[in-house]
file model.cif (mmCIF, C-alpha atoms)
data_protein
loop_
_atom_site.group_PDB
_atom_site.id
_atom_site.type_symbol
_atom_site.label_atom_id
_atom_site.label_comp_id
_atom_site.auth_asym_id
_atom_site.auth_seq_id
_atom_site.Cartn_x
_atom_site.Cartn_y
_atom_site.Cartn_z
ATOM 1 C CA MET L 286 0.000 0.000 0.000
ATOM 2 C CA LYS L 287 2.818 2.414 0.889
ATOM 3 C CA LYS L 288 4.521 1.617 -2.416
ATOM 4 C CA VAL L 289 1.343 2.505 -4.336
ATOM 5 C CA LEU L 290 0.937 5.740 -2.372
ATOM 6 C CA LYS L 291 4.561 6.623 -2.972
ATOM 7 C CA LYS L 292 4.136 6.009 -6.716
ATOM 8 C CA ALA L 293 0.943 8.090 -6.727
ATOM 9 C CA LEU L 294 2.718 10.919 -4.914
ATOM 10 C CA VAL L 295 5.613 10.832 -7.360
ATOM 11 C CA LEU L 296 3.154 10.728 -10.265
ATOM 12 C CA CYS L 297 1.258 13.708 -8.865
ATOM 13 C CA LEU L 298 4.470 15.671 -8.344
ATOM 14 C CA VAL L 299 5.640 14.921 -11.863
ATOM 15 C CA ALA L 300 2.212 15.781 -13.242
ATOM 16 C CA THR L 301 2.133 19.033 -11.291
ATOM 17 C CA MET L 302 5.593 20.009 -12.491
ATOM 18 C CA THR L 303 4.772 19.021 -16.061
ATOM 19 C CA ALA L 304 1.493 20.906 -16.062
ATOM 20 C CA SER L 305 3.003 24.019 -14.570
ATOM 21 C CA VAL L 306 5.666 23.995 -17.249
ATOM 22 C CA ALA L 307 3.770 22.512 -20.210
ATOM 23 C CA GLY L 308 0.027 22.586 -19.790
ATOM 24 C CA CYS L 309 -0.897 25.698 -17.894
ATOM 25 C CA THR L 310 0.760 28.542 -19.809
ATOM 26 C CA LYS L 311 -0.082 30.153 -23.121
ATOM 27 C CA GLY L 312 3.278 29.339 -24.699
ATOM 28 C CA ALA L 313 2.998 25.699 -23.705
ATOM 29 C CA ASP L 314 -0.537 25.528 -25.110
ATOM 30 C CA GLU L 315 0.752 26.737 -28.484
ATOM 31 C CA THR L 316 3.572 24.176 -28.406
ATOM 32 C CA ALA L 317 1.197 21.413 -27.384
ATOM 33 C CA ALA L 318 -1.164 22.324 -30.209
ATOM 34 C CA LYS L 319 1.630 21.917 -32.739
ATOM 35 C CA GLU L 320 2.711 18.622 -31.181
ATOM 36 C CA SER L 321 -0.838 17.253 -31.165
ATOM 37 C CA ALA L 322 -1.688 18.403 -34.671
ATOM 38 C CA PRO L 323 -3.109 15.622 -36.818
ATOM 39 C CA SER L 324 -0.565 13.768 -38.885
ATOM 40 C CA GLU L 325 -0.667 13.747 -42.673
ATOM 41 C CA SER L 326 -1.372 10.026 -42.675
ATOM 42 C CA THR L 327 -4.855 8.986 -43.773
ATOM 43 C CA GLU L 328 -4.753 6.021 -41.414
ATOM 44 C CA THR L 329 -6.194 6.645 -37.955
ATOM 45 C CA ALA L 330 -4.202 5.273 -35.037
ATOM 46 C CA VAL L 331 -6.168 2.964 -32.731
ATOM 47 C CA GLN L 332 -5.067 1.527 -29.396
ATOM 48 C CA PRO L 333 -7.111 -0.130 -26.664
ATOM 49 C CA PHE L 334 -7.988 1.950 -23.618
ATOM 50 C CA PRO L 335 -6.633 0.083 -20.573
ATOM 51 C CA LYS L 336 -8.955 -2.088 -18.558
ATOM 52 C CA PHE L 337 -9.704 -0.348 -15.265
ATOM 53 C CA THR L 338 -11.929 -0.209 -12.229
ATOM 54 C CA GLY L 339 -12.699 2.761 -10.068
ATOM 55 C CA THR L 340 -15.518 5.016 -8.928
ATOM 56 C CA ASP L 341 -17.303 8.066 -10.176
ATOM 57 C CA MET L 342 -17.847 11.154 -8.039
ATOM 58 C CA GLU L 343 -21.003 9.601 -6.550
ATOM 59 C CA ASP L 344 -18.999 6.488 -5.544
ATOM 60 C CA ALA L 345 -20.662 4.234 -8.128
ATOM 61 C CA ARG L 346 -18.283 1.529 -9.383
ATOM 62 C CA VAL L 347 -17.080 1.994 -12.966
ATOM 63 C CA ASP L 348 -14.920 0.088 -15.401
ATOM 64 C CA GLU L 349 -14.065 0.115 -19.087
ATOM 65 C CA SER L 350 -17.598 -1.051 -19.965
ATOM 66 C CA ILE L 351 -18.701 2.617 -19.750
ATOM 67 C CA PHE L 352 -17.538 3.001 -23.342
ATOM 68 C CA GLN L 353 -20.094 0.486 -24.668
ATOM 69 C CA ASP L 354 -23.002 2.848 -23.995
ATOM 70 C CA HIS L 355 -22.048 5.503 -26.577
ATOM 71 C CA ALA L 356 -20.714 5.726 -30.117
ATOM 72 C CA ALA L 357 -17.870 7.864 -28.766
ATOM 73 C CA THR L 358 -16.652 8.876 -25.339
ATOM 74 C CA VAL L 359 -14.424 11.913 -24.888
ATOM 75 C CA VAL L 360 -12.040 11.228 -21.987
ATOM 76 C CA ASN L 361 -10.348 14.262 -20.454
ATOM 77 C CA PHE L 362 -7.374 13.536 -18.148
ATOM 78 C CA TRP L 363 -6.979 16.186 -15.454
ATOM 79 C CA PHE L 364 -5.762 16.949 -11.950
ATOM 80 C CA THR L 365 -6.841 19.459 -9.328
ATOM 81 C CA GLY L 366 -3.701 21.640 -9.409
ATOM 82 C CA CYS L 367 -3.848 22.180 -13.168
ATOM 83 C CA THR L 368 -5.176 25.664 -13.868
ATOM 84 C CA ALA L 369 -5.770 24.914 -17.556
ATOM 85 C CA CYS L 370 -7.717 21.753 -16.635
ATOM 86 C CA VAL L 371 -10.020 23.676 -14.321
ATOM 87 C CA GLN L 372 -10.448 26.633 -16.679
ATOM 88 C CA GLU L 373 -11.635 24.437 -19.556
ATOM 89 C CA MET L 374 -14.395 22.732 -17.545
ATOM 90 C CA PRO L 375 -17.186 25.135 -18.589
ATOM 91 C CA ASP L 376 -16.192 24.598 -22.244
ATOM 92 C CA LEU L 377 -16.259 20.821 -21.745
ATOM 93 C CA GLU L 378 -19.673 21.139 -20.101
ATOM 94 C CA ASN L 379 -21.005 23.032 -23.127
ATOM 95 C CA LEU L 380 -19.484 20.548 -25.573
ATOM 96 C CA SER L 381 -20.933 17.636 -23.616
ATOM 97 C CA HIS L 382 -24.440 19.068 -23.977
ATOM 98 C CA ASP L 383 -23.915 19.924 -27.656
ATOM 99 C CA LEU L 384 -22.812 16.365 -28.479
ATOM 100 C CA GLU L 385 -25.338 14.370 -26.416
ATOM 101 C CA LYS L 386 -27.660 14.071 -29.412
ATOM 102 C CA GLU L 387 -24.787 12.563 -31.425
ATOM 103 C CA ASP L 388 -24.438 9.695 -28.891
ATOM 104 C CA VAL L 389 -21.221 11.144 -27.462
ATOM 105 C CA ALA L 390 -20.414 11.057 -23.747
ATOM 106 C CA PHE L 391 -17.862 13.130 -21.848
ATOM 107 C CA VAL L 392 -15.857 11.672 -18.981
ATOM 108 C CA GLY L 393 -13.339 13.507 -16.849
ATOM 109 C CA LEU L 394 -10.617 11.195 -15.541
ATOM 110 C CA LEU L 395 -9.024 12.461 -12.343
ATOM 111 C CA VAL L 396 -5.450 11.183 -12.068
ATOM 112 C CA GLU L 397 -5.204 11.952 -8.330
ATOM 113 C CA PRO L 398 -7.089 9.251 -6.417
ATOM 114 C CA ASP L 399 -6.411 10.996 -3.097
ATOM 115 C CA ARG L 400 -7.923 14.349 -4.205
ATOM 116 C CA LYS L 401 -11.492 13.239 -4.914
ATOM 117 C CA LYS L 402 -13.166 15.600 -2.392
ATOM 118 C CA LEU L 403 -11.261 18.602 -3.740
ATOM 119 C CA ALA L 404 -12.147 17.494 -7.279
ATOM 120 C CA GLN L 405 -15.833 17.335 -6.343
ATOM 121 C CA ASP L 406 -15.650 20.891 -4.996
ATOM 122 C CA ILE L 407 -13.941 22.118 -8.175
ATOM 123 C CA LEU L 408 -16.457 20.387 -10.447
ATOM 124 C CA GLU L 409 -19.347 21.911 -8.511
ATOM 125 C CA ALA L 410 -17.810 25.395 -8.570
ATOM 126 C CA LYS L 411 -17.272 25.150 -12.340
ATOM 127 C CA GLY L 412 -20.741 23.735 -13.030
ATOM 128 C CA ALA L 413 -19.295 20.579 -14.577
ATOM 129 C CA THR L 414 -21.992 17.907 -14.565
ATOM 130 C CA TYR L 415 -20.436 15.490 -17.072
ATOM 131 C CA ARG L 416 -19.314 12.243 -15.472
ATOM 132 C CA ASN L 417 -15.966 12.244 -13.717
ATOM 133 C CA ILE L 418 -14.230 9.079 -12.622
ATOM 134 C CA VAL L 419 -11.310 8.145 -10.411
ATOM 135 C CA PRO L 420 -9.690 4.951 -11.640
ATOM 136 C CA GLU L 421 -7.652 2.750 -9.365
ATOM 137 C CA MET L 422 -4.064 3.316 -10.382
ATOM 138 C CA GLY L 423 -1.850 0.410 -11.261
ATOM 139 C CA GLY L 424 -1.019 -1.752 -14.217
ATOM 140 C CA GLU L 425 -2.022 -0.518 -17.660
ATOM 141 C CA MET L 426 -3.993 2.491 -16.398
ATOM 142 C CA GLU L 427 -1.025 3.834 -14.484
ATOM 143 C CA GLY L 428 1.119 3.143 -17.529
ATOM 144 C CA LEU L 429 -1.205 5.210 -19.724
ATOM 145 C CA VAL L 430 -1.285 8.099 -17.255
ATOM 146 C CA GLN L 431 2.516 8.087 -17.046
ATOM 147 C CA THR L 432 2.728 8.611 -20.828
ATOM 148 C CA ILE L 433 0.811 11.889 -20.587
ATOM 149 C CA PHE L 434 3.336 14.715 -20.795
ATOM 150 C CA ALA L 435 0.957 17.663 -20.347
ATOM 151 C CA PHE L 436 -2.444 18.238 -18.813
ATOM 152 C CA PRO L 437 -5.171 18.467 -19.774
ATOM 153 C CA THR L 438 -5.005 15.698 -22.345
ATOM 154 C CA THR L 439 -8.114 14.484 -24.135
ATOM 155 C CA VAL L 440 -8.717 11.283 -26.113
ATOM 156 C CA VAL L 441 -11.689 9.870 -28.011
ATOM 157 C CA VAL L 442 -12.688 6.281 -27.244
ATOM 158 C CA ASP L 443 -15.003 4.258 -29.465
ATOM 159 C CA ARG L 444 -17.760 1.889 -28.358
ATOM 160 C CA ASP L 445 -15.296 -1.022 -28.484
ATOM 161 C CA GLY L 446 -12.984 0.654 -25.976
ATOM 162 C CA ASN L 447 -10.323 1.804 -28.442
ATOM 163 C CA ILE L 448 -8.586 5.173 -28.300
ATOM 164 C CA VAL L 449 -8.982 6.554 -31.810
ATOM 165 C CA GLY L 450 -6.432 8.989 -33.208
ATOM 166 C CA ASP L 451 -3.875 11.029 -31.351
ATOM 167 C CA ALA L 452 -4.567 12.763 -28.067
ATOM 168 C CA VAL L 453 -5.464 16.433 -28.051
ATOM 169 C CA VAL L 454 -2.935 17.979 -25.689
ATOM 170 C CA GLY L 455 -3.777 21.220 -23.913
ATOM 171 C CA SER L 456 -6.970 23.062 -23.088
ATOM 172 C CA LEU L 457 -9.989 22.683 -25.320
ATOM 173 C CA THR L 458 -10.432 26.438 -25.280
ATOM 174 C CA THR L 459 -9.004 27.193 -28.725
ATOM 175 C CA ASP L 460 -10.834 26.760 -32.024
ATOM 176 C CA GLU L 461 -7.951 24.661 -33.372
ATOM 177 C CA ARG L 462 -8.083 22.124 -30.542
ATOM 178 C CA ILE L 463 -11.871 21.943 -30.554
ATOM 179 C CA GLU L 464 -11.726 21.316 -34.313
ATOM 180 C CA GLN L 465 -9.170 18.506 -33.779
ATOM 181 C CA LEU L 466 -11.436 16.928 -31.188
ATOM 182 C CA MET L 467 -14.568 17.308 -33.323
ATOM 183 C CA GLU L 468 -12.858 15.647 -36.323
ATOM 184 C CA ARG L 469 -12.010 12.617 -34.188
ATOM 185 C CA VAL L 470 -15.489 12.495 -32.662
ATOM 186 C CA ASP L 471 -17.155 12.785 -36.093
ATOM 187 C CA ASP L 472 -14.979 9.975 -37.479
ATOM 188 C CA VAL L 473 -15.852 7.666 -34.583
ATOM 189 C CA VAL L 474 -19.577 8.432 -34.731
ATOM 190 C CA LYS L 475 -19.686 7.869 -38.529
ATOM 191 C CA GLU L 476 -17.823 4.572 -38.132
ATOM 192 C CA ASP L 477 -20.317 3.472 -35.456
ATOM 193 C CA LYS L 478 -23.368 3.888 -37.719
#

call {"tool": "encode", "arguments": {"input": "model.cif", "output": "structure tokens"}}
result
Amino acid sequence: MKKVLKKALVLCLVATMTASVAGCTKGADETAAKESAPSESTETAVQPFPKFTGTDMEDARVDESIFQDHAATVVNFWFTGCTACVQEMPDLENLSHDLEKEDVAFVGLLVEPDRKKLAQDILEAKGATYRNIVPEMGGEMEGLVQTIFAFPTTVVVDRDGNIVGDAVVGSLTTDERIEQLMERVDDVVKEDK
């Protein structure tokens, strides 16, 4: 248990340092946008989202089966100390309502299991009602989180539990990033029909 907590603490420290340098400043957002720009390839990258268990903010148990309920699920990785993550929440809320009719769900994925109460307070203050989950860290899920170099990071997952396309790195507060996300979502929804 102590080893897991130590890893989580190290992960949180690294994430905090990374976000403060890469994800929470204007210059870093511009760099991240260039790095997450779609490739020229016509082939869309697909990788399975890790199997996981955890809880949502109401303490209901969740696992990777949440993806089966919608053509596409937008998963936004965030943590409580990330200013950019918190600032984009109203935009995510609006997008989640706009895309409901397209069979698209939004899920916030909190990468700090020990900060759930603070996360609940932040979500309430920002009016974010889309589902937020706290996965149990370990194995493949922890491996995926450790590959994230800047927060927020957003991926699109299809009904079969596959991450489709590259991640959108940085806040979804710019037209360019929202367009990148919408292209991925549209592709997944079309493929689902």

call {"tool": "closest_residue", "arguments": {"input": "model.cif", "among": "L:Ile463, L:Leu429, L:Leu457, L:Ala390", "to": "Ala357 in chain L", "atoms": "all atoms listed in the file"}}
result
L:Ala390

call {"tool": "resolve_selection", "arguments": {"input": "model.cif", "expression": "the PyMOL selection byres ((chain L and resi 467) around 12)", "output": "PyMOL selection string"}}
result
chain L and resi 357-359+380-381+383-384+387+389+439-441+450+453+457+460-466+468-475

call {"tool": "closest_residue", "arguments": {"input": "model.cif", "among": "L:Thr432, L:Thr459, L:Thr414, L:Thr338", "to": "Asn379 in chain L", "atoms": "all atoms listed in the file"}}
result
L:Thr414

call {"tool": "resolve_selection", "arguments": {"input": "model.cif", "expression": "the PyMOL selection byres ((chain L and resi 361) around 10)", "output": "PyMOL selection string"}}
result
chain L and resi 358-360+362-363+370+374+377+391-395+417+436-441+452-454+456-457

call {"tool": "atom_distance", "arguments": {"input": "model.cif", "atom1": "CA of Pro335 in chain L", "atom2": "CA of Val430 in chain L"}}
result
10.2 Å

call {"tool": "closest_residue", "arguments": {"input": "model.cif", "among": "L:Asp451, L:Lys478, L:Arg416, L:Asp445", "to": "Phe334 in chain L", "atoms": "only C-alpha atoms"}}
result
L:Asp445

call {"tool": "residues_near_point", "arguments": {"input": "model.cif", "point": "(-13.7, 21.9, -7.6)", "cutoff": "12 Å", "atoms": "only C-alpha atoms", "output": "list of chain:residue names"}}
result
L:Met342, L:Trp363, L:Phe364, L:Thr365, L:Gly366, L:Cys367, L:Thr368, L:Cys370, L:Val371, L:Gln372, L:Met374, L:Pro375, L:Leu395, L:Arg400, L:Lys401, L:Lys402, L:Leu403, L:Ala404, L:Gln405, L:Asp406, L:Ile407, L:Leu408, L:Glu409, L:Ala410, L:Lys411, L:Gly412, L:Ala413, L:Thr414, L:Asn417

call {"tool": "atom_distance", "arguments": {"input": "model.cif", "atom1": "CA of Phe337 in chain L", "atom2": "CA of Asp376 in chain L"}}
result
26.7 Å
